[in-house]
Structures are given as structure tokens and as C-alpha cells.
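Below is one structure, written out as C-alpha cells, with a few remarks after it.
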Amino acid sequence: MENSATNQTIPLLTPFSMRNFNLSHRIVMAPMARMRSYGSIPQPHAALYYSQRATPGGLLISEATGVSETAMAYHDMPGIWTKNQIEAWKPIVDAVHSDGAVFFCQLWHAGRVSHRDKPLAEDSSNEFTPPRRLRIDEIPNVLNDFRLAARNAIEAGFDGVEIHGAHGYLIDQFMKDTVNDRTDCYGGSLENRCRFALEVVEAVTSEIGSDRVGVRLSPFANYMESGDTEPQKLGVYMAKSLNRFETLYCHMVEPRMKTASEVFECTESLTPMRKVFEGTFIVAGGYTREDGNKAVAEERTDLVAYGRLFLANPDLPRRFQLDAPLNKYDRTSFYTSSDPVVGYTDYPFLETEP
């Protein structure tokens, strides 16, 4: 136990200025789908879930939140395209802010993962509806969906938004050469394949300002059969391109994270992306307390995002400070939409010290 240690001696618990946001530590709650927003409307139980994990000066990123009705892929994921959704998010955001945390909304479009008839079950056993390419004349409408969703997120009280450009969803599908077989100005070359992603960034930053916009990318991943033959080149190009928009942060998923459930060792590195990006750099992907501290100490990142560990340990920063034992997560309850408590808000905190 490190009861005698101060936060200043633990790299993850040192303060960091993310432009206008003064963070008290570098432990970020990663976006995690929880499928408990019935009818795509965030529910009151989400206020407890997020506020449990909020700390003064901490950064939380919401679960993937649909930008339109056609953006959705799974049952009971939240959206932010209607007035009712905006109003439902407000008390959740207020609860997080009341604990002094910074809260960003992750904006999401599932793209070809969406099912035409009904959302996919959590085990993804449903067959995909055969996808079709977005027509060029349809793309401005999707850009506008992202722009309006960003505006709605600010109206709901969020401090900013994270554009979900990872994990095989729409934006990632445009970028990856194993899935993008377009022959127009959105396909072929690296620049063309990244065009849509950067148009989304431009639309969102022009609407709410670059100081409120982050982007999540997973160039090395092959989610939903969306891989790339030159992932490092893709990652560097995107990281460098985001500088044009003065993007607040770039949130990169480590190459060792190939699926949502497994960690693979990999010799590839995010360092080239870190070197070219001029804003705050966030890494995610199977980090522990030890290697998170090491990544910050070696200046390979500014912040480290934790998913499953934060899910199972609502007081994760305190546990890291004390080097306390961690609760084990229960994978069977990750997406149990029918139960707003079990595996959601019932993970125990450390006992209060006398």
C-alpha cells in the first residue's frame, strides 16, 4: 500500500492542463457501451452510474451516443438527436458536474454495422443487412447530423464531444482500406479515405469550437472486419491532420487491443502519432496501473483511458493512489439492458478509512 505517497509521486495522479480544462489527474473514464438507455433515451440510473465514477478534475467520456435515428446499431444505446434526449441527458451531466468532473459526449454513427430491420443483439449473432455505400449527395446530411448532435450535447451541458472514429463504425469504415472500396473522392488514396473523417471534424469544430472537440481512432484494429494494410501510416496522417482544426485531444487505441475482449502483444507503437499531434494525447487499450504510470512518466501520453477497470471500480483513481486491490469485472453484465443495477451501479467502493 502507498498510503504515505502523495499524488505528485504517482504519474497518473499528477495534474494536467488540457487547454481550458484543468484536470487533477490523468485517469480518464473511457467510453463504454452499456445498453441501458431504453428507447434510445438516457435513463435516471445513468446519473448514478456516471457520478459514481466522477472525481473533482477528472475526465469522463460517455458511452457511444447516436447522432441520428439511422446511426444506431444496438438495442438501448443513447442518442442525442431529439429534444427528449437532450432533456434526459441534462440531469446526468449535472450529476457529473456536481462532483467536479469534466464530461464529454461521444458522438457515434454505426454505419454498416446498423441493421435495417432491428438493432443487433449484444452477441452480434444477427446477420448484417447487406450494406450499401453512402451516395455523395447523402454525405452532407450525415455531416449535419454530427454538427447538430454536437450542438445538442453542449445544450445538454456536456463540456465537449468526442467524435467516434474507431472500432469499425462509419468513420472508421471510410478510413480503412480493407473495407473502403469506393472509387470516388472518398476512396482509393489515404487522403481520400480520410476525407470524410476530417469533414466530420470540420463540421463539429466549426459548430462548437475546437476547444470542445476530441477524436477517438483505432488505426490498428480490425473491428467489424475494418482493418488497414498500413495502420501506422493511417494513424500518423490522421493525427497530423487533426492539427489543422486545433483539435483538443486525440484518443488513440493501442495496437495490442485487437478485440473488445482480448489483449494481444504487438510491436507496433503509437509513438509516431504522439510525436506529430499537437494537442492532448490520450491512449487506451488494456492498461494497468503499472503500465499507465510508466506511459505517463515516459511522456508517451498525457492521459490514459480505462474502460473495464473503471467499470468495475468506480473509485479507480483512489484505488490507484493506494495501490489497493481491484474489483473484478463481470463480463456477463456488461450489456444487460434489462437490469439498471447489477453490473452497473452495484460495484463496491473501497471501505471508508477511519
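For the C-alpha cells, the naming scheme is as follows: chains receive sequential letters (A, B, ...) according to their order of presentation, residues are indexed from 1 within each chain, and ligands are indexed from 1 in presentation order.
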I'd like the neighbourhood of Val342 (chain A) as a ChimeraX atom specification, where a residue qualifies if any of its atoms comes within 12 Å (using only C-alpha atoms), though same-chain residues fewer than 5 positions away should be ignored. /A:34,36,45,49,311-312,329-337,347-348
Residues within 10 Å of Arg319 (chain A), please, as a PDB file with N, CA and C atoms, in the first residue's frame. Count only C-alpha atoms; anything in the same chain fewer than 5 positions from it doesn't count.
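File written: around36.pdb
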```pdb
ATOM      1  N   MET A   1       0.841  -1.199   0.000  1.00  0.00           N
ATOM      2  CA  MET A   1       0.000   0.000   0.000  1.00  0.00           C
ATOM      3  C   MET A   1       0.869   1.238   0.000  1.00  0.00           C
ATOM      4  N   ARG A 289      -2.477  -0.241 -13.819  1.00  0.00           N
ATOM      5  CA  ARG A 289      -1.912   0.862 -13.041  1.00  0.00           C
ATOM      6  C   ARG A 289      -0.435   1.039 -13.369  1.00  0.00           C
ATOM      7  N   ASN A 313     -14.582  -0.606 -10.973  1.00  0.00           N
ATOM      8  CA  ASN A 313     -14.025   0.118  -9.831  1.00  0.00           C
ATOM      9  C   ASN A 313     -14.381   1.596  -9.946  1.00  0.00           C
ATOM     10  N   PRO A 314     -15.559   1.970  -9.455  1.00  0.00           N
ATOM     11  CA  PRO A 314     -15.983   3.364  -9.603  1.00  0.00           C
ATOM     12  C   PRO A 314     -15.030   4.360  -8.946  1.00  0.00           C
ATOM     13  N   ALA A 324      -4.519  -0.212  -4.099  1.00  0.00           N
ATOM     14  CA  ALA A 324      -5.460  -1.129  -3.452  1.00  0.00           C
ATOM     15  C   ALA A 324      -5.906  -2.218  -4.430  1.00  0.00           C
ATOM     16  N   PRO A 325      -6.404  -3.328  -3.921  1.00  0.00           N
ATOM     17  CA  PRO A 325      -6.930  -4.381  -4.794  1.00  0.00           C
ATOM     18  C   PRO A 325      -8.086  -3.862  -5.644  1.00  0.00           C
ATOM     19  N   LEU A 326      -8.258  -4.451  -6.810  1.00  0.00           N
ATOM     20  CA  LEU A 326      -9.309  -4.030  -7.726  1.00  0.00           C
ATOM     21  C   LEU A 326     -10.430  -5.057  -7.769  1.00  0.00           C
ATOM     22  N   ASN A 327     -11.675  -4.565  -7.884  1.00  0.00           N
ATOM     23  CA  ASN A 327     -12.799  -5.460  -8.144  1.00  0.00           C
ATOM     24  C   ASN A 327     -12.620  -6.099  -9.513  1.00  0.00           C
ATOM     25  N   PHE A 349     -17.296   0.238  -3.597  1.00  0.00           N
ATOM     26  CA  PHE A 349     -16.203   1.173  -3.356  1.00  0.00           C
ATOM     27  C   PHE A 349     -15.308   0.601  -2.272  1.00  0.00           C
ATOM     28  N   LEU A 350     -14.105   1.140  -2.154  1.00  0.00           N
ATOM     29  CA  LEU A 350     -13.254   0.824  -1.011  1.00  0.00           C
ATOM     30  C   LEU A 350     -13.962   1.241   0.263  1.00  0.00           C
TER      31      LEU A 350
END
```
Applying 7 Å and only C-alpha atoms, which residues near region 14-28 of chain A remain after dropping the ones on its own chain fewer than 4 positions away? List them as a ChimeraX atom specification. /A:7-8,10,56-60,280,303-306,317
Dump as a PDB file, in the first residue's frame, selection limited to C-alpha atoms:
```
ATOM      1  CA  ASN A   7      -0.403  12.230  -5.681  1.00  0.00           C
ATOM      2  CA  GLN A   8       2.650  14.030  -7.014  1.00  0.00           C
ATOM      3  CA  ILE A  10       2.286   8.815  -8.895  1.00  0.00           C
ATOM      4  CA  PRO A  56     -13.041  16.610  -8.983  1.00  0.00           C
ATOM      5  CA  GLY A  57     -10.963  17.418 -12.032  1.00  0.00           C
ATOM      6  CA  GLY A  58     -11.424  14.011 -13.632  1.00  0.00           C
ATOM      7  CA  LEU A  59     -12.385  13.440 -17.277  1.00  0.00           C
ATOM      8  CA  LEU A  60     -15.261  11.125 -18.199  1.00  0.00           C
ATOM      9  CA  THR A 280      -3.588  16.439 -25.681  1.00  0.00           C
ATOM     10  CA  LEU A 303      -3.714  10.845 -20.260  1.00  0.00           C
ATOM     11  CA  VAL A 304      -4.675   7.171 -20.021  1.00  0.00           C
ATOM     12  CA  ALA A 305      -8.247   5.954 -20.601  1.00  0.00           C
ATOM     13  CA  TYR A 306      -9.515   2.964 -18.630  1.00  0.00           C
ATOM     14  CA  PRO A 317      -8.264   6.868  -9.051  1.00  0.00           C
TER      15      PRO A 317
END
```
Excluding region 157-169 of chain A and its own-chain neighbours fewer than 6 positions away, which residues fall within 6 Å of it when counting only C-alpha atoms? Please give them as a list in words.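 Contacts, with the query itself left out: Phe103, Phe104, Cys105, Gln106, Leu107, Trp108, Ala110, Gly111, Arg212, Val213, Gly214, Val215, Arg216, Leu217, Ser218, Tyr223, Met224 and Ser226 of chain A.
Counting from CA of Met273 (chain A), the distance to CA of Leu134 (chain A) is 29.1 Å.
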Can you measure CA of Val283 (chain A) to CA of Glu299 (chain A) for me? One decimal in Å is fine.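 Going from CA of Val283 (chain A) over to CA of Glu299 (chain A) covers 11.5 Å.
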Need to verify the contact set: region 179-192 of chain A, 10 Å, only C-alpha atoms, exclusion of same-chain residues closer than 4 positions in sequence. Can you return it as a list in words? Arg133, Leu134, Ile136, Gly168, Asp172, Gln173, Phe174, Met175, Phe196, Ala197, Leu198, Met224, Glu225, Ser226, Gly227, Asp228, Glu230, Lys233, Leu234, Tyr237, Met238 and Ser241 of chain A
DSSP says alpha helix (DSSP H) for which residues of region 41-246 of chain A? Put them as an mmCIF file with N, CA, C and O atoms, in the first residue's frame?
```
data_model
loop_
_atom_site.group_PDB
_atom_site.id
_atom_site.type_symbol
_atom_site.label_atom_id
_atom_site.label_comp_id
_atom_site.auth_asym_id
_atom_site.auth_seq_id
_atom_site.Cartn_x
_atom_site.Cartn_y
_atom_site.Cartn_z
ATOM 1 N N HIS A 45 -31.011 6.220 -14.046
ATOM 2 C CA HIS A 45 -29.967 5.421 -13.401
ATOM 3 C C HIS A 45 -28.574 5.744 -13.950
ATOM 4 O O HIS A 45 -27.575 5.459 -13.303
ATOM 5 N N ALA A 46 -28.513 6.350 -15.130
ATOM 6 C CA ALA A 46 -27.203 6.728 -15.677
ATOM 7 C C ALA A 46 -26.557 7.841 -14.863
ATOM 8 O O ALA A 46 -25.324 7.954 -14.824
ATOM 9 N N ALA A 47 -27.371 8.650 -14.197
ATOM 10 C CA ALA A 47 -26.813 9.728 -13.361
ATOM 11 C C ALA A 47 -25.987 9.140 -12.223
ATOM 12 O O ALA A 47 -24.908 9.645 -11.893
ATOM 13 N N LEU A 48 -26.490 8.060 -11.620
ATOM 14 C CA LEU A 48 -25.741 7.414 -10.545
ATOM 15 C C LEU A 48 -24.498 6.736 -11.102
ATOM 16 O O LEU A 48 -23.403 6.857 -10.542
ATOM 17 N N TYR A 49 -24.653 6.032 -12.203
ATOM 18 C CA TYR A 49 -23.532 5.309 -12.806
ATOM 19 C C TYR A 49 -22.363 6.241 -13.106
ATOM 20 O O TYR A 49 -21.217 5.979 -12.715
ATOM 21 N N TYR A 50 -22.623 7.337 -13.773
ATOM 22 C CA TYR A 50 -21.537 8.251 -14.140
ATOM 23 C C TYR A 50 -21.020 9.032 -12.938
ATOM 24 O O TYR A 50 -19.806 9.223 -12.788
ATOM 25 N N SER A 51 -21.916 9.481 -12.068
ATOM 26 C CA SER A 51 -21.458 10.270 -10.925
ATOM 27 C C SER A 51 -20.636 9.431 -9.953
ATOM 28 O O SER A 51 -19.745 9.955 -9.269
ATOM 29 N N GLN A 52 -20.917 8.127 -9.877
ATOM 30 C CA GLN A 52 -20.082 7.247 -9.041
ATOM 31 C C GLN A 52 -18.620 7.306 -9.477
ATOM 32 O O GLN A 52 -17.706 7.147 -8.663
ATOM 33 N N LYS A 83 -35.130 16.437 -28.793
ATOM 34 C CA LYS A 83 -35.271 17.291 -27.607
ATOM 35 C C LYS A 83 -35.412 16.445 -26.352
ATOM 36 O O LYS A 83 -34.843 16.777 -25.301
ATOM 37 N N ASN A 84 -36.172 15.357 -26.435
ATOM 38 C CA ASN A 84 -36.342 14.485 -25.270
ATOM 39 C C ASN A 84 -35.013 13.905 -24.800
ATOM 40 O O ASN A 84 -34.761 13.776 -23.598
ATOM 41 N N GLN A 85 -34.177 13.543 -25.745
ATOM 42 C CA GLN A 85 -32.859 13.009 -25.385
ATOM 43 C C GLN A 85 -31.988 14.077 -24.726
ATOM 44 O O GLN A 85 -31.289 13.804 -23.743
ATOM 45 N N ILE A 86 -32.026 15.274 -25.267
ATOM 46 C CA ILE A 86 -31.263 16.376 -24.672
ATOM 47 C C ILE A 86 -31.694 16.591 -23.225
ATOM 48 O O ILE A 86 -30.859 16.692 -22.314
ATOM 49 N N GLU A 87 -33.006 16.647 -23.011
ATOM 50 C CA GLU A 87 -33.527 16.876 -21.658
ATOM 51 C C GLU A 87 -33.178 15.721 -20.724
ATOM 52 O O GLU A 87 -32.926 15.924 -19.534
ATOM 53 N N ALA A 88 -33.159 14.500 -21.255
ATOM 54 C CA ALA A 88 -32.823 13.336 -20.429
ATOM 55 C C ALA A 88 -31.346 13.344 -20.032
ATOM 56 O O ALA A 88 -30.986 12.863 -18.947
ATOM 57 N N TRP A 89 -30.490 13.882 -20.902
ATOM 58 C CA TRP A 89 -29.065 13.947 -20.579
ATOM 59 C C TRP A 89 -28.763 14.999 -19.511
ATOM 60 O O TRP A 89 -27.783 14.850 -18.754
ATOM 61 N N LYS A 90 -29.553 16.048 -19.439
ATOM 62 C CA LYS A 90 -29.214 17.173 -18.563
ATOM 63 C C LYS A 90 -28.983 16.785 -17.106
ATOM 64 O O LYS A 90 -27.964 17.164 -16.519
ATOM 65 N N PRO A 91 -29.891 16.036 -16.448
ATOM 66 C CA PRO A 91 -29.626 15.680 -15.048
ATOM 67 C C PRO A 91 -28.442 14.743 -14.882
ATOM 68 O O PRO A 91 -27.790 14.743 -13.828
ATOM 69 N N ILE A 92 -28.132 13.958 -15.912
ATOM 70 C CA ILE A 92 -26.966 13.074 -15.853
ATOM 71 C C ILE A 92 -25.695 13.912 -15.878
ATOM 72 O O ILE A 92 -24.777 13.711 -15.074
ATOM 73 N N VAL A 93 -25.654 14.874 -16.793
ATOM 74 C CA VAL A 93 -24.492 15.769 -16.876
ATOM 75 C C VAL A 93 -24.366 16.588 -15.595
ATOM 76 O O VAL A 93 -23.263 16.764 -15.061
ATOM 77 N N ASP A 94 -25.495 17.055 -15.076
ATOM 78 C CA ASP A 94 -25.467 17.844 -13.830
ATOM 79 C C ASP A 94 -24.892 17.024 -12.679
ATOM 80 O O ASP A 94 -24.155 17.548 -11.835
ATOM 81 N N ALA A 95 -25.249 15.744 -12.633
ATOM 82 C CA ALA A 95 -24.749 14.885 -11.550
ATOM 83 C C ALA A 95 -23.233 14.738 -11.621
ATOM 84 O O ALA A 95 -22.543 14.751 -10.595
ATOM 85 N N VAL A 96 -22.706 14.614 -12.827
ATOM 86 C CA VAL A 96 -21.253 14.512 -13.003
ATOM 87 C C VAL A 96 -20.580 15.823 -12.633
ATOM 88 O O VAL A 96 -19.563 15.844 -11.936
ATOM 89 N N HIS A 97 -21.163 16.930 -13.082
ATOM 90 C CA HIS A 97 -20.589 18.239 -12.769
ATOM 91 C C HIS A 97 -20.650 18.552 -11.285
ATOM 92 O O HIS A 97 -19.767 19.239 -10.749
ATOM 93 N N SER A 98 -21.672 18.056 -10.602
ATOM 94 C CA SER A 98 -21.785 18.327 -9.167
ATOM 95 C C SER A 98 -20.648 17.698 -8.388
ATOM 96 O O SER A 98 -20.325 18.124 -7.271
ATOM 97 N N ILE A 139 -23.861 12.460 -48.057
ATOM 98 C CA ILE A 139 -22.826 12.741 -47.069
ATOM 99 C C ILE A 139 -23.058 14.070 -46.336
ATOM 100 O O ILE A 139 -22.900 14.130 -45.104
ATOM 101 N N PRO A 140 -23.459 15.157 -47.015
ATOM 102 C CA PRO A 140 -23.724 16.391 -46.263
ATOM 103 C C PRO A 140 -24.771 16.224 -45.167
ATOM 104 O O PRO A 140 -24.684 16.872 -44.114
ATOM 105 N N ASN A 141 -25.744 15.353 -45.379
ATOM 106 C CA ASN A 141 -26.761 15.126 -44.354
ATOM 107 C C ASN A 141 -26.159 14.466 -43.112
ATOM 108 O O ASN A 141 -26.522 14.801 -41.980
ATOM 109 N N VAL A 142 -25.246 13.528 -43.314
ATOM 110 C CA VAL A 142 -24.595 12.869 -42.190
ATOM 111 C C VAL A 142 -23.686 13.859 -41.457
ATOM 112 O O VAL A 142 -23.648 13.888 -40.224
ATOM 113 N N LEU A 143 -22.969 14.675 -42.201
ATOM 114 C CA LEU A 143 -22.143 15.709 -41.568
ATOM 115 C C LEU A 143 -23.007 16.636 -40.729
ATOM 116 O O LEU A 143 -22.624 17.029 -39.612
ATOM 117 N N ASN A 144 -24.173 16.962 -41.252
ATOM 118 C CA ASN A 144 -25.081 17.834 -40.500
ATOM 119 C C ASN A 144 -25.604 17.144 -39.250
ATOM 120 O O ASN A 144 -25.799 17.793 -38.209
ATOM 121 N N ASP A 145 -25.807 15.822 -39.313
ATOM 122 C CA ASP A 145 -26.226 15.086 -38.116
ATOM 123 C C ASP A 145 -25.176 15.210 -37.017
ATOM 124 O O ASP A 145 -25.513 15.419 -35.843
ATOM 125 N N PHE A 146 -23.904 15.068 -37.373
ATOM 126 C CA PHE A 146 -22.840 15.227 -36.388
ATOM 127 C C PHE A 146 -22.803 16.656 -35.853
ATOM 128 O O PHE A 146 -22.627 16.872 -34.643
ATOM 129 N N ARG A 147 -22.963 17.608 -36.727
ATOM 130 C CA ARG A 147 -22.920 19.013 -36.307
ATOM 131 C C ARG A 147 -24.050 19.321 -35.320
ATOM 132 O O ARG A 147 -23.820 19.929 -34.261
ATOM 133 N N LEU A 148 -25.262 18.895 -35.650
ATOM 134 C CA LEU A 148 -26.399 19.154 -34.763
ATOM 135 C C LEU A 148 -26.269 18.380 -33.458
ATOM 136 O O LEU A 148 -26.640 18.877 -32.387
ATOM 137 N N ALA A 149 -25.745 17.160 -33.513
ATOM 138 C CA ALA A 149 -25.553 16.377 -32.296
ATOM 139 C C ALA A 149 -24.560 17.066 -31.371
ATOM 140 O O ALA A 149 -24.736 17.072 -30.145
ATOM 141 N N ALA A 150 -23.520 17.651 -31.942
ATOM 142 C CA ALA A 150 -22.549 18.385 -31.128
ATOM 143 C C ALA A 150 -23.209 19.585 -30.466
ATOM 144 O O ALA A 150 -23.003 19.852 -29.275
ATOM 145 N N ARG A 151 -24.027 20.296 -31.222
ATOM 146 C CA ARG A 151 -24.748 21.430 -30.644
ATOM 147 C C ARG A 151 -25.675 20.964 -29.535
ATOM 148 O O ARG A 151 -25.755 21.590 -28.466
ATOM 149 N N ASN A 152 -26.355 19.845 -29.767
ATOM 150 C CA ASN A 152 -27.263 19.316 -28.752
ATOM 151 C C ASN A 152 -26.514 18.907 -27.486
ATOM 152 O O ASN A 152 -27.015 19.069 -26.368
ATOM 153 N N ALA A 153 -25.317 18.342 -27.659
ATOM 154 C CA ALA A 153 -24.529 17.926 -26.499
ATOM 155 C C ALA A 153 -24.161 19.122 -25.631
ATOM 156 O O ALA A 153 -24.222 19.048 -24.394
ATOM 157 N N ILE A 154 -23.802 20.219 -26.258
ATOM 158 C CA ILE A 154 -23.491 21.426 -25.487
ATOM 159 C C ILE A 154 -24.756 21.952 -24.806
ATOM 160 O O ILE A 154 -24.711 22.379 -23.647
ATOM 161 N N GLU A 155 -25.887 21.888 -25.498
ATOM 162 C CA GLU A 155 -27.151 22.308 -24.885
ATOM 163 C C GLU A 155 -27.488 21.441 -23.676
ATOM 164 O O GLU A 155 -28.030 21.923 -22.673
ATOM 165 N N ALA A 156 -27.147 20.165 -23.738
ATOM 166 C CA ALA A 156 -27.397 19.248 -22.625
ATOM 167 C C ALA A 156 -26.452 19.499 -21.453
ATOM 168 O O ALA A 156 -26.663 18.950 -20.368
ATOM 169 N N LEU A 170 -18.885 3.927 -38.734
ATOM 170 C CA LEU A 170 -18.936 4.620 -40.013
ATOM 171 C C LEU A 170 -17.646 5.346 -40.389
ATOM 172 O O LEU A 170 -17.111 5.162 -41.485
ATOM 173 N N ILE A 171 -17.142 6.181 -39.499
ATOM 174 C CA ILE A 171 -15.954 6.974 -39.837
ATOM 175 C C ILE A 171 -14.763 6.061 -40.092
ATOM 176 O O ILE A 171 -13.993 6.258 -41.039
ATOM 177 N N ASP A 172 -14.613 5.044 -39.256
ATOM 178 C CA ASP A 172 -13.524 4.080 -39.419
ATOM 179 C C ASP A 172 -13.657 3.323 -40.741
ATOM 180 O O ASP A 172 -12.663 2.998 -41.396
ATOM 181 N N GLN A 173 -14.886 3.046 -41.138
ATOM 182 C CA GLN A 173 -15.124 2.318 -42.383
ATOM 183 C C GLN A 173 -14.628 3.104 -43.597
ATOM 184 O O GLN A 173 -14.135 2.517 -44.560
ATOM 185 N N PHE A 174 -14.763 4.414 -43.546
ATOM 186 C CA PHE A 174 -14.237 5.240 -44.627
ATOM 187 C C PHE A 174 -12.711 5.193 -44.659
ATOM 188 O O PHE A 174 -12.095 5.138 -45.729
ATOM 189 N N MET A 175 -12.086 5.186 -43.487
ATOM 190 C CA MET A 175 -10.636 5.317 -43.423
ATOM 191 C C MET A 175 -9.883 4.047 -43.797
ATOM 192 O O MET A 175 -8.772 4.107 -44.322
ATOM 193 N N LEU A 190 -5.013 7.405 -49.399
ATOM 194 C CA LEU A 190 -5.144 7.678 -47.972
ATOM 195 C C LEU A 190 -5.860 8.991 -47.733
ATOM 196 O O LEU A 190 -6.754 9.085 -46.873
ATOM 197 N N GLU A 191 -5.505 9.999 -48.489
ATOM 198 C CA GLU A 191 -6.137 11.307 -48.330
ATOM 199 C C GLU A 191 -7.630 11.234 -48.612
ATOM 200 O O GLU A 191 -8.437 11.820 -47.882
ATOM 201 N N ASN A 192 -8.007 10.517 -49.658
ATOM 202 C CA ASN A 192 -9.426 10.391 -49.971
ATOM 203 C C ASN A 192 -10.179 9.607 -48.907
ATOM 204 O O ASN A 192 -11.305 9.960 -48.532
ATOM 205 N N ARG A 193 -9.570 8.533 -48.409
ATOM 206 C CA ARG A 193 -10.250 7.709 -47.403
ATOM 207 C C ARG A 193 -10.437 8.455 -46.087
ATOM 208 O O ARG A 193 -11.385 8.184 -45.343
ATOM 209 N N CYS A 194 -9.559 9.392 -45.794
ATOM 210 C CA CYS A 194 -9.664 10.171 -44.557
ATOM 211 C C CYS A 194 -10.502 11.435 -44.736
ATOM 212 O O CYS A 194 -10.750 12.154 -43.762
ATOM 213 N N ARG A 195 -10.922 11.704 -45.952
ATOM 214 C CA ARG A 195 -11.658 12.939 -46.237
ATOM 215 C C ARG A 195 -12.925 13.060 -45.387
ATOM 216 O O ARG A 195 -13.203 14.101 -44.793
ATOM 217 N N PHE A 196 -13.708 11.983 -45.324
ATOM 218 C CA PHE A 196 -14.971 12.042 -44.585
ATOM 219 C C PHE A 196 -14.724 12.310 -43.107
ATOM 220 O O PHE A 196 -15.394 13.150 -42.496
ATOM 221 N N ALA A 197 -13.758 11.613 -42.522
ATOM 222 C CA ALA A 197 -13.451 11.812 -41.107
ATOM 223 C C ALA A 197 -13.102 13.269 -40.821
ATOM 224 O O ALA A 197 -13.589 13.862 -39.847
ATOM 225 N N LEU A 198 -12.307 13.843 -41.661
ATOM 226 C CA LEU A 198 -11.875 15.224 -41.437
ATOM 227 C C LEU A 198 -13.003 16.210 -41.730
ATOM 228 O O LEU A 198 -13.063 17.281 -41.109
ATOM 229 N N GLU A 199 -13.915 15.845 -42.613
ATOM 230 C CA GLU A 199 -15.092 16.687 -42.827
ATOM 231 C C GLU A 199 -15.999 16.673 -41.604
ATOM 232 O O GLU A 199 -16.598 17.703 -41.253
ATOM 233 N N VAL A 200 -16.089 15.522 -40.934
ATOM 234 C CA VAL A 200 -16.856 15.468 -39.682
ATOM 235 C C VAL A 200 -16.197 16.359 -38.635
ATOM 236 O O VAL A 200 -16.875 17.141 -37.944
ATOM 237 N N VAL A 201 -14.885 16.258 -38.502
ATOM 238 C CA VAL A 201 -14.169 17.095 -37.540
ATOM 239 C C VAL A 201 -14.387 18.569 -37.847
ATOM 240 O O VAL A 201 -14.643 19.378 -36.949
ATOM 241 N N GLU A 202 -14.306 18.922 -39.119
ATOM 242 C CA GLU A 202 -14.504 20.322 -39.506
ATOM 243 C C GLU A 202 -15.913 20.799 -39.161
ATOM 244 O O GLU A 202 -16.098 21.897 -38.633
ATOM 245 N N ALA A 203 -16.921 19.958 -39.438
ATOM 246 C CA ALA A 203 -18.302 20.331 -39.150
ATOM 247 C C ALA A 203 -18.532 20.537 -37.663
ATOM 248 O O ALA A 203 -19.184 21.504 -37.241
ATOM 249 N N VAL A 204 -17.989 19.640 -36.856
ATOM 250 C CA VAL A 204 -18.205 19.710 -35.410
ATOM 251 C C VAL A 204 -17.423 20.865 -34.779
ATOM 252 O O VAL A 204 -17.956 21.613 -33.952
ATOM 253 N N THR A 205 -16.159 21.031 -35.184
ATOM 254 C CA THR A 205 -15.370 22.129 -34.600
ATOM 255 C C THR A 205 -15.913 23.484 -35.009
ATOM 256 O O THR A 205 -15.885 24.434 -34.219
ATOM 257 N N SER A 206 -16.428 23.592 -36.223
ATOM 258 C CA SER A 206 -16.993 24.871 -36.651
ATOM 259 C C SER A 206 -18.271 25.195 -35.898
ATOM 260 O O SER A 206 -18.643 26.357 -35.743
ATOM 261 N N GLU A 207 -18.943 24.154 -35.402
ATOM 262 C CA GLU A 207 -20.197 24.354 -34.670
ATOM 263 C C GLU A 207 -19.972 24.712 -33.211
ATOM 264 O O GLU A 207 -20.638 25.612 -32.679
ATOM 265 N N ILE A 208 -19.049 24.026 -32.529
ATOM 266 C CA ILE A 208 -18.907 24.236 -31.079
ATOM 267 C C ILE A 208 -17.522 24.695 -30.663
ATOM 268 O O ILE A 208 -17.291 24.961 -29.480
ATOM 269 N N PRO A 231 -1.580 0.590 -41.086
ATOM 270 C CA PRO A 231 -2.236 1.289 -39.978
ATOM 271 C C PRO A 231 -1.411 2.424 -39.385
ATOM 272 O O PRO A 231 -1.981 3.440 -38.988
ATOM 273 N N GLN A 232 -0.098 2.248 -39.298
ATOM 274 C CA GLN A 232 0.685 3.317 -38.704
ATOM 275 C C GLN A 232 0.692 4.560 -39.592
ATOM 276 O O GLN A 232 0.586 5.692 -39.098
ATOM 277 N N LYS A 233 0.771 4.354 -40.873
ATOM 278 C CA LYS A 233 0.709 5.474 -41.809
ATOM 279 C C LYS A 233 -0.636 6.185 -41.692
ATOM 280 O O LYS A 233 -0.707 7.428 -41.693
ATOM 281 N N LEU A 234 -1.700 5.411 -41.561
ATOM 282 C CA LEU A 234 -3.032 5.980 -41.380
ATOM 283 C C LEU A 234 -3.105 6.785 -40.092
ATOM 284 O O LEU A 234 -3.606 7.926 -40.071
ATOM 285 N N GLY A 235 -2.612 6.210 -38.995
ATOM 286 C CA GLY A 235 -2.671 6.897 -37.709
ATOM 287 C C GLY A 235 -1.891 8.198 -37.704
ATOM 288 O O GLY A 235 -2.357 9.220 -37.179
ATOM 289 N N VAL A 236 -0.711 8.189 -38.295
ATOM 290 C CA VAL A 236 0.115 9.398 -38.343
ATOM 291 C C VAL A 236 -0.553 10.467 -39.200
ATOM 292 O O VAL A 236 -0.592 11.653 -38.827
ATOM 293 N N TYR A 237 -1.103 10.045 -40.328
ATOM 294 C CA TYR A 237 -1.774 11.017 -41.209
ATOM 295 C C TYR A 237 -2.945 11.683 -40.492
ATOM 296 O O TYR A 237 -3.114 12.917 -40.555
ATOM 297 N N MET A 238 -3.756 10.884 -39.803
ATOM 298 C CA MET A 238 -4.907 11.452 -39.106
ATOM 299 C C MET A 238 -4.478 12.338 -37.939
ATOM 300 O O MET A 238 -5.016 13.429 -37.741
ATOM 301 N N ALA A 239 -3.519 11.875 -37.154
ATOM 302 C CA ALA A 239 -3.060 12.673 -36.019
ATOM 303 C C ALA A 239 -2.522 14.022 -36.476
ATOM 304 O O ALA A 239 -2.800 15.068 -35.866
ATOM 305 N N LYS A 240 -1.761 14.011 -37.565
ATOM 306 C CA LYS A 240 -1.209 15.261 -38.089
ATOM 307 C C LYS A 240 -2.303 16.143 -38.676
ATOM 308 O O LYS A 240 -2.300 17.376 -38.496
ATOM 309 N N SER A 241 -3.262 15.534 -39.355
ATOM 310 C CA SER A 241 -4.346 16.295 -39.980
ATOM 311 C C SER A 241 -5.241 16.980 -38.955
ATOM 312 O O SER A 241 -5.786 18.055 -39.216
ATOM 313 N N LEU A 242 -5.403 16.360 -37.795
ATOM 314 C CA LEU A 242 -6.249 16.963 -36.757
ATOM 315 C C LEU A 242 -5.696 18.293 -36.285
ATOM 316 O O LEU A 242 -6.443 19.134 -35.768
#
```
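Put simply, CA of Ile41 (chain A) is 11.6 Å away from CA of Glu69 (chain A).
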Distance query Glu254 (chain A) at most 7 Å, only C-alpha atoms, self and fewer than 4 positions along chain excluded, as JSON, numbers by chain: {"A": [270, 283, 284, 285]}
Using DSSP on the backbone, list every residue of region 196-237 of chain A that comes out as strand (DSSP E or B), and give them as number ranges by chain. A: 213-217
Surrounding residues of Met32 (chain A) excluding itself and chain neighbours under 6 positions, 9 Å, only C-alpha atoms, as a PyMOL selection string: chain A and resi 61-64+307-308+311
